[in-house]
$ cat start_36.cif   # mmCIF, C-alpha atoms
data_upload
#
loop_
_atom_site.label_atom_id
_atom_site.label_comp_id
_atom_site.auth_asym_id
_atom_site.auth_seq_id
_atom_site.Cartn_x
_atom_site.Cartn_y
_atom_site.Cartn_z
CA MET A 255 0.00 0.00 0.00
CA ILE A 256 2.82 2.44 0.87
CA ALA A 257 4.48 1.65 -2.46
CA LEU A 258 1.21 2.32 -4.32
CA MET A 259 0.74 5.62 -2.51
CA THR A 260 4.25 6.64 -3.47
CA VAL A 261 3.49 5.87 -7.10
CA PHE A 262 0.34 7.99 -7.11
CA LEU A 263 1.51 10.83 -4.86
CA GLY A 264 4.99 11.03 -6.31
CA PRO A 265 3.95 12.76 -9.55
CA LEU A 266 1.85 15.21 -7.58
CA ALA A 267 4.75 16.07 -5.31
CA LEU A 268 7.07 16.63 -8.26
CA THR A 269 4.80 18.33 -10.76
CA GLY A 270 1.81 19.65 -8.86
CA CYS A 271 -0.65 17.89 -11.18
CA THR A 272 -4.32 18.16 -10.34
CA GLY A 273 -6.10 15.04 -9.17
CA SER A 274 -9.55 14.23 -10.55
CA GLY A 275 -10.67 11.83 -7.81
CA GLU A 276 -11.76 12.56 -4.25
CA PRO A 277 -9.41 14.50 -1.94
CA PRO A 278 -8.68 13.05 1.52
CA PRO A 279 -11.82 12.79 3.68
CA LEU A 280 -12.76 15.24 6.41
CA PRO A 281 -12.56 14.23 9.17
CA PRO A 282 -10.04 11.39 8.87
CA ALA A 283 -11.69 8.02 9.51
CA GLY A 284 -12.32 7.05 13.10
CA VAL A 285 -10.79 10.02 14.91
CA TYR A 286 -14.01 10.83 16.83
CA GLU A 287 -15.21 7.25 17.24
CA HIS A 288 -14.14 6.82 20.84
CA GLY A 289 -15.46 7.33 24.33
CA ALA A 290 -14.48 10.27 26.50
CA ALA A 291 -10.71 10.31 27.06
CA GLY A 292 -10.16 12.93 29.71
CA GLU A 293 -12.07 15.51 27.67
CA ASN A 294 -11.56 19.15 28.68
CA SER A 295 -13.74 21.70 26.90
CA ARG A 296 -12.65 24.75 28.87
CA ALA A 297 -11.04 27.19 26.43
CA GLU A 298 -7.68 28.75 27.23
CA PRO A 299 -5.60 31.53 25.63
CA ALA A 300 -3.21 30.37 22.93
CA PRO A 301 0.14 29.38 24.46
CA VAL A 302 3.02 31.78 23.95
CA GLY A 303 5.69 29.09 23.82
CA GLY A 304 6.33 25.71 22.26
CA THR A 305 4.93 24.49 18.96
CA ALA A 306 1.46 25.86 19.67
CA GLY A 307 2.87 29.31 20.33
CA ALA A 308 5.06 29.22 17.22
CA LEU A 309 2.09 28.20 15.06
CA THR A 310 -0.32 30.84 16.30
CA ARG A 311 2.11 33.75 16.66
CA PRO A 312 2.14 34.74 12.94
CA LEU A 313 -1.65 34.69 12.87
CA GLY A 314 -1.92 36.70 16.08
CA GLU A 315 0.46 39.31 14.67
CA ALA A 316 -1.79 39.53 11.59
CA GLY A 317 -4.87 40.27 13.72
CA TRP A 318 -6.29 36.78 14.21
CA PHE A 319 -7.81 35.58 17.49
CA CYS A 320 -6.35 32.23 18.59
CA ALA A 321 -7.14 29.92 21.51
CA GLN A 322 -6.89 26.36 22.72
CA VAL A 323 -10.51 25.23 22.43
CA ARG A 324 -10.44 21.68 23.77
CA ALA A 325 -8.10 18.90 24.86
CA ASN A 326 -8.05 15.28 26.00
CA ALA A 327 -5.59 12.60 27.07
CA ASP A 328 -4.11 12.31 23.56
CA GLY A 329 -3.95 15.87 22.26
CA ARG A 330 -5.27 19.40 22.12
CA ALA A 331 -7.11 21.44 19.53
CA MET A 332 -6.15 25.02 18.67
CA TRP A 333 -8.40 27.37 16.69
CA CYS A 334 -7.77 30.76 15.10
CA ARG A 335 -10.18 33.15 13.44
CA ILE A 336 -10.33 36.51 11.68
CA GLY A 337 -13.11 38.42 9.93
CA HIS A 338 -12.56 40.02 6.51
CA ARG A 339 -14.98 42.75 5.42
CA ASP A 340 -15.57 43.38 1.73
CA GLU A 341 -16.56 46.57 -0.06
CA THR A 342 -20.23 46.04 0.91
CA ASP A 343 -19.26 45.68 4.60
CA THR A 344 -20.16 41.98 4.47
CA LEU A 345 -17.98 39.99 6.85
CA HIS A 346 -16.28 36.80 5.65
CA PRO A 347 -14.79 34.80 8.53
CA GLN A 348 -11.63 32.77 8.00
CA VAL A 349 -10.48 30.10 10.43
CA ALA A 350 -7.62 27.68 10.99
CA HIS A 351 -7.59 24.46 13.01
CA PHE A 352 -4.56 22.78 14.56
CA LEU A 353 -4.29 19.45 16.35
CA LEU A 354 -1.22 18.81 18.51
CA ASP A 355 -0.24 15.62 20.28
CA ARG A 356 0.52 15.46 24.00
CA GLU A 357 4.20 16.06 23.27
CA ASP A 358 3.36 19.44 21.64
CA ARG A 359 4.00 18.28 18.07
CA LEU A 360 1.71 19.33 15.22
CA ALA A 361 -0.19 16.29 14.00
CA TRP A 362 -2.78 17.85 11.70
CA ALA A 363 -3.88 21.27 10.44
CA TRP A 364 -6.74 22.59 8.35
CA PHE A 365 -7.06 25.97 6.65
CA PRO A 366 -10.63 25.92 5.27
CA ALA A 367 -11.59 27.80 2.14
CA THR A 368 -13.30 31.14 2.70
CA GLN A 369 -16.31 32.66 0.98
CA VAL A 370 -15.04 35.50 -1.19
CA ASN A 371 -16.10 37.09 -4.45
CA HIS A 372 -13.20 35.72 -6.48
CA GLU A 373 -11.99 32.13 -6.28
CA ARG A 374 -8.37 33.17 -6.72
CA ASP A 375 -8.68 35.43 -3.65
CA GLN A 376 -9.87 32.38 -1.72
CA GLY A 377 -6.67 30.49 -2.44
CA ASP A 378 -4.56 33.57 -1.75
CA ARG A 379 -6.09 33.93 1.71
CA VAL A 380 -5.53 30.27 2.53
CA ALA A 381 -1.89 30.50 1.44
CA ALA A 382 -1.41 33.79 3.30
CA ALA A 383 -2.51 32.09 6.53
CA ALA A 384 -0.85 28.71 6.06
CA ALA A 385 2.55 29.71 4.69
CA PRO A 386 3.92 31.80 7.60
CA THR A 387 2.22 29.57 10.16
CA LEU A 388 3.79 26.30 9.00
CA THR A 389 7.12 27.93 8.15
CA ALA A 390 7.38 28.81 11.85
CA ILE A 391 7.83 25.12 12.69
CA TRP A 392 8.85 23.58 9.35
CA PRO A 393 11.39 25.70 7.43
CA GLY A 394 10.62 25.82 3.72
CA ALA A 395 7.05 24.56 4.07
CA GLY A 396 5.52 27.96 3.33
CA ASP A 397 7.41 28.50 0.08
CA ARG A 398 6.27 25.08 -1.14
CA ILE A 399 2.66 25.82 -0.18
CA ARG A 400 2.62 29.07 -2.13
CA ARG A 401 4.26 27.48 -5.17
CA GLU A 402 1.96 24.46 -5.32
CA MET A 403 -1.19 26.51 -4.80
CA ASP A 404 -0.15 29.11 -7.36
CA ASP A 405 0.48 26.34 -9.90
CA PHE A 406 -2.88 24.77 -9.11
CA ASN A 407 -4.74 28.05 -9.52
CA ARG A 408 -3.01 28.82 -12.82
CA ASP A 409 -3.77 25.35 -14.17
CA PHE A 410 -7.35 25.50 -12.94
CA GLU A 411 -8.02 28.83 -14.61
CA ALA A 412 -6.27 27.79 -17.85
CA ARG A 413 -8.24 24.56 -18.25
CA PRO A 414 -12.00 25.20 -18.13
CA ARG A 415 -12.74 21.47 -18.49
CA TRP A 416 -11.46 20.97 -14.93
CA ARG A 417 -14.44 22.94 -13.74
CA ASP A 418 -16.55 19.91 -14.69
CA VAL A 419 -14.56 17.68 -12.32
CA ASP A 420 -16.40 17.18 -9.04
CA ILE A 421 -13.53 18.31 -6.81
CA PRO A 422 -10.29 19.19 -8.60
CA TRP A 423 -7.48 19.01 -6.06
CA ILE A 424 -3.73 18.89 -5.68
CA GLY A 425 -1.59 16.85 -3.32
CA TRP A 426 2.09 16.90 -2.42
CA ARG A 427 4.43 15.90 0.37
CA ASP A 428 7.68 17.04 1.93
CA ALA A 429 9.85 15.83 4.79
CA HIS A 430 7.30 17.05 7.33
CA ALA A 431 3.78 16.31 6.09
CA ASP A 432 1.33 15.30 3.37
CA TYR A 433 -0.68 18.20 1.94
CA SER A 434 -3.88 18.43 -0.09
CA TYR A 435 -5.69 21.49 -1.40
CA ASP A 436 -8.94 22.10 -3.22
CA ARG A 437 -11.19 25.12 -3.53
CA HIS A 438 -14.01 23.45 -1.64
CA SER A 439 -12.24 22.27 1.52
CA GLY A 440 -9.07 24.37 1.53
CA LEU A 441 -5.68 23.10 2.67
CA VAL A 442 -5.35 19.95 4.82
CA VAL A 443 -1.99 19.06 6.37
CA SER A 444 -1.18 15.68 7.95
CA ALA A 445 2.17 15.38 9.71
CA ARG A 446 4.27 12.38 8.74
CA ASP A 447 6.04 11.73 12.06
CA THR A 448 3.16 12.00 14.54
CA SER A 449 -0.58 11.50 14.85
CA VAL A 450 -3.38 11.73 17.40
CA ARG A 451 -5.56 8.63 17.57
CA ARG A 452 -8.40 10.06 19.68
CA TRP A 453 -9.28 13.64 18.74
CA PRO A 454 -10.77 15.89 21.48
CA PHE A 455 -14.53 16.36 21.24
CA GLY A 456 -15.63 17.84 24.59
CA SER A 457 -18.13 20.68 25.00
CA GLU A 458 -19.88 19.85 28.26
CA HIS A 459 -18.28 22.78 30.09
CA TYR A 460 -20.29 25.34 28.17
CA ALA A 461 -23.10 23.65 26.22
CA THR A 462 -26.17 21.52 26.94
CA THR A 463 -28.02 19.21 24.53
CA MET A 464 -30.12 20.19 21.55
CA SER A 465 -33.11 18.13 22.72
CA SER A 466 -33.18 20.07 26.01
CA ALA A 467 -32.96 23.44 24.21
CA VAL A 468 -35.60 22.95 21.50
CA ASP A 469 -38.68 23.75 23.60
CA ASP A 470 -37.19 27.06 24.71
CA LEU A 471 -36.32 27.94 21.12
CA LEU A 472 -39.90 27.17 20.06
CA ALA A 473 -41.18 29.38 22.90
CA GLY A 474 -39.08 32.22 21.50
CA GLY A 475 -40.66 31.98 18.06
CA TYR A 476 -38.08 29.84 16.30
CA ASP A 477 -39.17 27.23 13.78
CA CYS A 478 -37.28 24.10 14.85
CA PHE A 479 -37.84 20.50 13.85
CA TYR A 480 -35.28 18.53 15.84
CA PRO A 481 -34.32 15.89 15.20
CA PRO A 482 -32.99 16.02 12.52
CA GLN A 483 -33.00 19.78 11.85
CA GLN A 484 -29.95 21.57 13.25
CA SER A 485 -30.83 25.02 11.88
CA CYS A 486 -33.80 27.05 13.13
CA THR A 487 -35.22 30.30 11.80
CA ARG A 488 -37.23 33.12 13.36
CA SER A 489 -39.13 34.95 10.64
CA GLN A 490 -40.37 37.73 12.96
CA SER A 491 -36.86 39.12 13.40
CA ASN A 492 -34.89 37.63 10.51
CA GLY A 493 -33.19 35.52 13.14
CA TYR A 494 -31.50 32.15 12.93
CA PHE A 495 -30.11 29.57 15.32
CA ARG A 496 -27.90 26.71 14.20
CA VAL A 497 -25.69 24.23 15.95
CA SER A 498 -23.01 21.67 15.34
CA LEU A 499 -23.53 18.48 17.30
CA ARG A 500 -21.88 15.30 18.47
CA GLY A 501 -24.87 13.06 18.93
CA ASP A 502 -27.34 15.24 20.87
CA GLN A 503 -24.60 17.25 22.57
CA ILE A 504 -24.22 20.81 21.31
CA VAL A 505 -20.64 21.56 20.31
CA SER A 506 -21.10 25.08 18.90
CA ALA A 507 -24.03 27.42 18.43
CA GLN A 508 -24.52 30.40 16.15
CA PHE A 509 -27.40 32.84 16.14
CA GLY A 510 -28.31 36.32 14.94
CA ILE A 511 -30.11 38.95 16.94
CA GLY A 512 -30.86 42.63 16.50
CA SER A 513 -30.35 45.52 18.86
CA LEU A 514 -32.46 48.66 19.12
CA ILE A 515 -31.29 51.33 21.56
CA GLU A 516 -33.63 54.29 22.03
CA SER A 517 -33.04 56.99 24.66
CA GLY A 518 -30.25 54.84 26.02
CA ARG A 519 -32.49 51.81 26.61
CA GLN A 520 -32.58 48.41 24.90
CA ARG A 521 -35.96 48.09 23.18
CA HIS A 522 -35.38 44.65 21.69
CA LEU A 523 -34.95 42.48 24.75
CA LEU A 524 -33.04 39.22 24.57
CA SER A 525 -36.02 37.58 26.28
CA GLU A 526 -38.17 38.21 23.19
CA GLU A 527 -36.20 35.50 21.38
CA PHE A 528 -34.94 33.52 24.37
CA PRO A 529 -37.71 33.83 26.98
CA HIS A 530 -35.93 31.48 29.39
CA GLY A 531 -32.45 32.79 28.66
CA LEU A 532 -29.68 31.07 26.73
CA THR A 533 -30.59 27.61 27.99
CA PHE A 534 -28.41 25.90 25.38
CA LEU A 535 -25.54 27.04 27.61
CA THR A 536 -24.69 25.45 30.93
CA GLU A 537 -25.52 27.29 34.13
CA ALA A 538 -21.79 27.71 34.81
CA VAL A 539 -21.28 30.03 31.82
CA ARG A 540 -24.77 31.33 30.98
CA ARG A 541 -24.70 34.56 32.99
CA PRO A 542 -21.20 35.82 32.03
CA VAL A 543 -21.71 34.95 28.36
CA THR A 544 -25.12 36.65 28.34
CA ASP A 545 -23.61 39.75 29.96
CA ARG A 546 -20.89 39.88 27.29
CA ILE A 547 -23.51 39.63 24.51
CA GLU A 548 -25.62 42.36 26.09
CA GLN A 549 -22.57 44.62 26.30
CA SER A 550 -22.05 44.28 22.55
CA ARG A 551 -25.74 44.81 21.88
CA ARG A 552 -25.66 48.08 23.84
CA SER A 553 -22.56 49.38 22.06
CA GLY A 554 -23.04 47.82 18.61
CA THR A 555 -19.45 46.55 18.68
CA GLY A 556 -17.93 43.13 18.05
CA PHE A 557 -15.93 40.84 20.30
CA ALA A 558 -13.65 37.82 20.00
CA GLY A 559 -12.40 36.20 23.15
CA ILE A 560 -12.86 33.77 26.02
CA VAL A 561 -15.62 34.30 28.58
CA ALA A 562 -15.80 31.93 31.54
CA GLY A 563 -13.74 29.37 29.63
CA THR A 564 -16.02 29.68 26.58
CA ILE A 565 -15.22 30.92 23.08
CA VAL A 566 -17.47 33.88 22.22
CA ILE A 567 -17.38 35.56 18.80
CA ILE A 568 -19.62 38.55 18.08
CA ASP A 569 -19.72 40.23 14.67
CA ALA A 570 -21.69 43.48 14.77
CA ARG A 571 -23.21 45.39 11.86
CA ARG A 572 -24.19 48.86 12.94
CA GLY A 573 -27.00 50.69 11.21
CA ARG A 574 -28.37 54.04 12.33
CA VAL A 575 -26.48 55.77 15.13
CA GLU A 576 -27.90 59.05 16.43
CA GLY A 577 -26.74 60.21 19.82
CA ASP A 578 -27.77 57.52 22.30
CA ASP A 579 -29.88 55.74 19.67
CA LEU A 580 -28.48 52.71 17.90
CA VAL A 581 -29.65 50.05 15.46
CA ALA A 582 -27.42 47.00 14.97
CA TYR A 583 -27.48 43.33 14.07
CA LEU A 584 -25.16 40.83 15.72
CA ASP A 585 -23.99 37.43 14.49
CA ILE A 586 -22.89 35.43 17.51
CA GLN A 587 -20.91 32.20 17.80
CA ILE A 588 -20.43 30.32 21.03
CA GLY A 589 -18.00 27.41 21.12
CA VAL A 590 -16.07 26.00 18.17
CA PRO A 591 -17.11 23.09 15.92
CA LEU A 592 -15.01 19.93 16.04
CA ALA A 593 -11.96 20.12 13.81
CA ALA A 594 -12.57 18.82 10.28
CA THR A 595 -16.36 18.84 10.66
#
$ encode --input "start_36.cif" --output "structure tokens"
Amino acid sequence: MIALMTVFLGPLALTGCTGSGEPPPLPPAGVYEHGAAGENSRAEPAPVGGTAGALTRPLGEAGWFCAQVRANADGRAMWCRIGHRDETDTLHPQVAHFLLDREDRLAWAWFPATQVNHERDQGDRVAAAAAPTLTAIWPGAGDRIRREMDDFNRDFEARPRWRDVDIPWIGWRDAHADYSYDRHSGLVVSARDTSVRRWPFGSEHYATTMSSAVDDLLAGGYDCFYPPQQSCTRSQSNGYFRVSLRGDQIVSAQFGIGSLIESGRQRHLLSEEFPHGLTFLTEAVRRPVTDRIEQSRRSGTGFAGIVAGTIVIIDARRGRVEGDDLVAYLDIQIGVPLAAT
């Protein structure tokens, strides 16, 4: 099998040819098919030292927010995120996932594709994030990433027939890792000298279950049909609520909510949409996370950070601002989806 892989991957590594089959699967087979292994879902600031610090430092210097989002007995998951605004003030988030083993070695990384107006810009943003990050621990890796992705993009644009291929992709390898890139999934990096058998999946510190949250969402005017629906809508306020799950356990939640400040007072109360509060959060984090959201709703400003050991991302779009009056809409994320899902 190793010999066959060398035969097929060798030409890609040397020439950067585009593959016409399926790229490597996300997530890798079996990495979440295990029981709890010392799961810790309390988020922590990104380390300043070691491999994790070296990886996240270039992103932090470029304005990204990075944190350790979960860990277990075999490894830990790092996550970084930045928001790009286009000429229409639409925000396009970009993220990066890293999985390190318990000896602080990078085992796996993913730089997902972003939603941008031009496909070439998408690849440029992936390369701009991945190249300096991986060069920090693997000298020369970044130059190879830029070269392979530039070749892929040139070939893709020069050969329209490739647009009929389900998922055109490119793969290569160096002394450190195997790499694959396509415009749907982005760049996936699998280290050659280390791996993590059981990937962290915990979220119990900050999140409850979807089945326990549905009734409260229905009471707030959301249309939810769970199971199997994991995305709810609220037509009265153009609102939405969606989750990523592991079984019934909520891993991350995203929702949108407006803010209307008149005479210095909030006229659109959170209780209109969540009459019993944010019950998809555990009691340990519900109050401080709610307070942080309300602070952004009052000011119409965003936030990216850790609140009570919980990742909280708030993207704010401000409308009318007149004195103490404010109209805004906030897109809120709590927690981080499992890597590669």
$ closest_residue --input "start_36.cif" --among "A:Thr389, A:Ser506, A:Ser550, A:Ser434" --to "Phe455 (chain A)" --atoms "only C-alpha atoms"
A:Ser506
$ atom_distance --input "start_36.cif" --atom1 "CA of Leu345 (chain A)" --atom2 "CA of Gly556 (chain A)"
11.6 Å
$ atom_distance --input "start_36.cif" --atom1 "CA of Gly474 (chain A)" --atom2 "CA of Ala507 (chain A)"
16.1 Å
$ closest_residue --input "start_36.cif" --among "A:Asp328, A:Glu402, A:Glu411, A:Asp569" --to "Ala385 (chain A)" --atoms "only C-alpha atoms"
A:Glu402
$ closest_residue --input "start_36.cif" --among "A:Ala558, A:Val442, A:Leu514, A:Ala327" --to "Ala381 (chain A)" --atoms "all atoms listed in the file"
A:Val442
$ residues_around --input "start_36.cif" --residues "Leu523 (chain A)" --least-positions-apart "5" --cutoff "10 Å" --atoms "only C-alpha atoms" --output "ChimeraX atom specification"
/A:511-514,528-529,548,551
$ atom_distance --input "start_36.cif" --atom1 "CA of Leu592 (chain A)" --atom2 "CA of Leu499 (chain A)"
8.7 Å
$ resolve_selection --input "start_36.cif" --expression "the PyMOL selection byres ((chain A and resi 292) around 7)" --output "list in words"
Ala290, Ala291, Glu293, Asn294, Asn326 and Ala327 of chain A
$ resolve_selection --input "start_36.cif" --expression "the PyMOL selection byres ((chain A and resi 457-471) around 9)" --output "PDB file with C-alpha atoms, keeping the file's coordinate frame"
ATOM      1  CA  GLU A 293     -12.070  15.510  27.670  1.00  0.00           C
ATOM      2  CA  ASN A 294     -11.560  19.150  28.680  1.00  0.00           C
ATOM      3  CA  SER A 295     -13.740  21.700  26.900  1.00  0.00           C
ATOM      4  CA  ARG A 296     -12.650  24.750  28.870  1.00  0.00           C
ATOM      5  CA  ARG A 324     -10.440  21.680  23.770  1.00  0.00           C
ATOM      6  CA  PHE A 455     -14.530  16.360  21.240  1.00  0.00           C
ATOM      7  CA  GLY A 456     -15.630  17.840  24.590  1.00  0.00           C
ATOM      8  CA  LEU A 472     -39.900  27.170  20.060  1.00  0.00           C
ATOM      9  CA  ALA A 473     -41.180  29.380  22.900  1.00  0.00           C
ATOM     10  CA  GLY A 474     -39.080  32.220  21.500  1.00  0.00           C
ATOM     11  CA  GLY A 475     -40.660  31.980  18.060  1.00  0.00           C
ATOM     12  CA  TYR A 476     -38.080  29.840  16.300  1.00  0.00           C
ATOM     13  CA  ASP A 477     -39.170  27.230  13.780  1.00  0.00           C
ATOM     14  CA  CYS A 478     -37.280  24.100  14.850  1.00  0.00           C
ATOM     15  CA  PHE A 479     -37.840  20.500  13.850  1.00  0.00           C
ATOM     16  CA  TYR A 480     -35.280  18.530  15.840  1.00  0.00           C
ATOM     17  CA  PRO A 481     -34.320  15.890  15.200  1.00  0.00           C
ATOM     18  CA  GLN A 484     -29.950  21.570  13.250  1.00  0.00           C
ATOM     19  CA  CYS A 486     -33.800  27.050  13.130  1.00  0.00           C
ATOM     20  CA  PHE A 495     -30.110  29.570  15.320  1.00  0.00           C
ATOM     21  CA  VAL A 497     -25.690  24.230  15.950  1.00  0.00           C
ATOM     22  CA  LEU A 499     -23.530  18.480  17.300  1.00  0.00           C
ATOM     23  CA  GLY A 501     -24.870  13.060  18.930  1.00  0.00           C
ATOM     24  CA  ASP A 502     -27.340  15.240  20.870  1.00  0.00           C
ATOM     25  CA  GLN A 503     -24.600  17.250  22.570  1.00  0.00           C
ATOM     26  CA  ILE A 504     -24.220  20.810  21.310  1.00  0.00           C
ATOM     27  CA  VAL A 505     -20.640  21.560  20.310  1.00  0.00           C
ATOM     28  CA  SER A 506     -21.100  25.080  18.900  1.00  0.00           C
ATOM     29  CA  ALA A 507     -24.030  27.420  18.430  1.00  0.00           C
ATOM     30  CA  GLU A 527     -36.200  35.500  21.380  1.00  0.00           C
ATOM     31  CA  PHE A 528     -34.940  33.520  24.370  1.00  0.00           C
ATOM     32  CA  PRO A 529     -37.710  33.830  26.980  1.00  0.00           C
ATOM     33  CA  HIS A 530     -35.930  31.480  29.390  1.00  0.00           C
ATOM     34  CA  GLY A 531     -32.450  32.790  28.660  1.00  0.00           C
ATOM     35  CA  LEU A 532     -29.680  31.070  26.730  1.00  0.00           C
ATOM     36  CA  THR A 533     -30.590  27.610  27.990  1.00  0.00           C
ATOM     37  CA  PHE A 534     -28.410  25.900  25.380  1.00  0.00           C
ATOM     38  CA  LEU A 535     -25.540  27.040  27.610  1.00  0.00           C
ATOM     39  CA  THR A 536     -24.690  25.450  30.930  1.00  0.00           C
ATOM     40  CA  GLU A 537     -25.520  27.290  34.130  1.00  0.00           C
ATOM     41  CA  ALA A 538     -21.790  27.710  34.810  1.00  0.00           C
ATOM     42  CA  VAL A 539     -21.280  30.030  31.820  1.00  0.00           C
ATOM     43  CA  ARG A 540     -24.770  31.330  30.980  1.00  0.00           C
ATOM     44  CA  ALA A 562     -15.800  31.930  31.540  1.00  0.00           C
ATOM     45  CA  GLY A 563     -13.740  29.370  29.630  1.00  0.00           C
ATOM     46  CA  THR A 564     -16.020  29.680  26.580  1.00  0.00           C
ATOM     47  CA  ILE A 588     -20.430  30.320  21.030  1.00  0.00           C
ATOM     48  CA  GLY A 589     -18.000  27.410  21.120  1.00  0.00           C
ATOM     49  CA  VAL A 590     -16.070  26.000  18.170  1.00  0.00           C
TER      50      VAL A 590
END
$ residues_near_point --input "start_36.cif" --point "(-25.7, 35.0, 17.3)" --cutoff "6 Å" --atoms "only C-alpha atoms" --output "ChimeraX atom specification"
/A:508-511,585-587
$ resolve_selection --input "start_36.cif" --expression "the PyMOL selection byres ((chain A and resi 357) around 12)" --output "list in words"
Gly304, Thr305, Ala306, Ala327, Asp328, Gly329, Arg330, Leu353, Leu354, Asp355, Arg356, Asp358, Arg359, Leu360, Ala361, Thr448, Ser449 and Val450 of chain A
$ closest_residue --input "start_36.cif" --among "A:Ala384, A:Leu524, A:Ile421, A:Ala412" --to "Asp397 (chain A)" --atoms "only C-alpha atoms"
A:Ala384
$ closest_residue --input "start_36.cif" --among "A:Ala582, A:Arg496, A:Arg451, A:Arg541" --to "Val285 (chain A)" --atoms "all atoms listed in the file"
A:Arg451
$ decode --input "start_36.cif" --residues "region 359-364 of chain A" --atoms "all heavy atoms" --output "tab-separated table (two decimals), in the first residue's frame"
chain	number	residue	atom	x	y	z
A	359	ARG	N	3.62	18.35	19.49
A	359	ARG	CA	4.00	18.28	18.07
A	359	ARG	C	2.74	18.43	17.23
A	359	ARG	O	1.68	17.88	17.56
A	359	ARG	CB	4.67	16.94	17.75
A	359	ARG	CG	5.97	16.70	18.49
A	359	ARG	CD	6.53	15.32	18.21
A	359	ARG	NE	5.59	14.27	18.65
A	359	ARG	CZ	5.84	12.95	18.54
A	359	ARG	NH1	6.98	12.55	17.99
A	359	ARG	NH2	4.94	12.09	18.97
A	360	LEU	N	2.85	19.18	16.12
A	360	LEU	CA	1.71	19.33	15.22
A	360	LEU	C	1.43	18.02	14.51
A	360	LEU	O	2.32	17.46	13.86
A	360	LEU	CB	1.98	20.42	14.19
A	360	LEU	CG	0.84	20.65	13.17
A	360	LEU	CD1	-0.40	21.18	13.87
A	360	LEU	CD2	1.29	21.59	12.06
A	361	ALA	N	0.20	17.53	14.65
A	361	ALA	CA	-0.19	16.29	14.00
A	361	ALA	C	-1.04	16.55	12.76
A	361	ALA	O	-0.99	15.78	11.79
A	361	ALA	CB	-0.96	15.40	14.97
A	362	TRP	N	-1.81	17.62	12.78
A	362	TRP	CA	-2.78	17.85	11.70
A	362	TRP	C	-3.18	19.31	11.71
A	362	TRP	O	-3.26	19.95	12.77
A	362	TRP	CB	-4.00	16.96	11.93
A	362	TRP	CG	-5.08	17.00	10.88
A	362	TRP	CD1	-5.18	16.24	9.76
A	362	TRP	CD2	-6.22	17.86	10.88
A	362	TRP	NE1	-6.32	16.56	9.06
A	362	TRP	CE2	-6.97	17.55	9.73
A	362	TRP	CE3	-6.68	18.86	11.74
A	362	TRP	CZ2	-8.16	18.20	9.42
A	362	TRP	CZ3	-7.87	19.52	11.44
A	362	TRP	CH2	-8.59	19.18	10.28
A	363	ALA	N	-3.43	19.88	10.54
A	363	ALA	CA	-3.88	21.27	10.44
A	363	ALA	C	-4.85	21.39	9.28
A	363	ALA	O	-4.76	20.66	8.28
A	363	ALA	CB	-2.70	22.22	10.25
A	364	TRP	N	-5.76	22.34	9.41
A	364	TRP	CA	-6.74	22.59	8.35
A	364	TRP	C	-6.95	24.09	8.21
A	364	TRP	O	-7.23	24.78	9.19
A	364	TRP	CB	-8.07	21.91	8.70
A	364	TRP	CG	-9.15	22.07	7.67
A	364	TRP	CD1	-9.00	22.23	6.32
A	364	TRP	CD2	-10.56	22.10	7.92
A	364	TRP	NE1	-10.24	22.34	5.71
A	364	TRP	CE2	-11.20	22.26	6.66
A	364	TRP	CE3	-11.33	21.98	9.07
A	364	TRP	CZ2	-12.59	22.32	6.55
A	364	TRP	CZ3	-12.72	22.04	8.95
A	364	TRP	CH2	-13.33	22.20	7.70
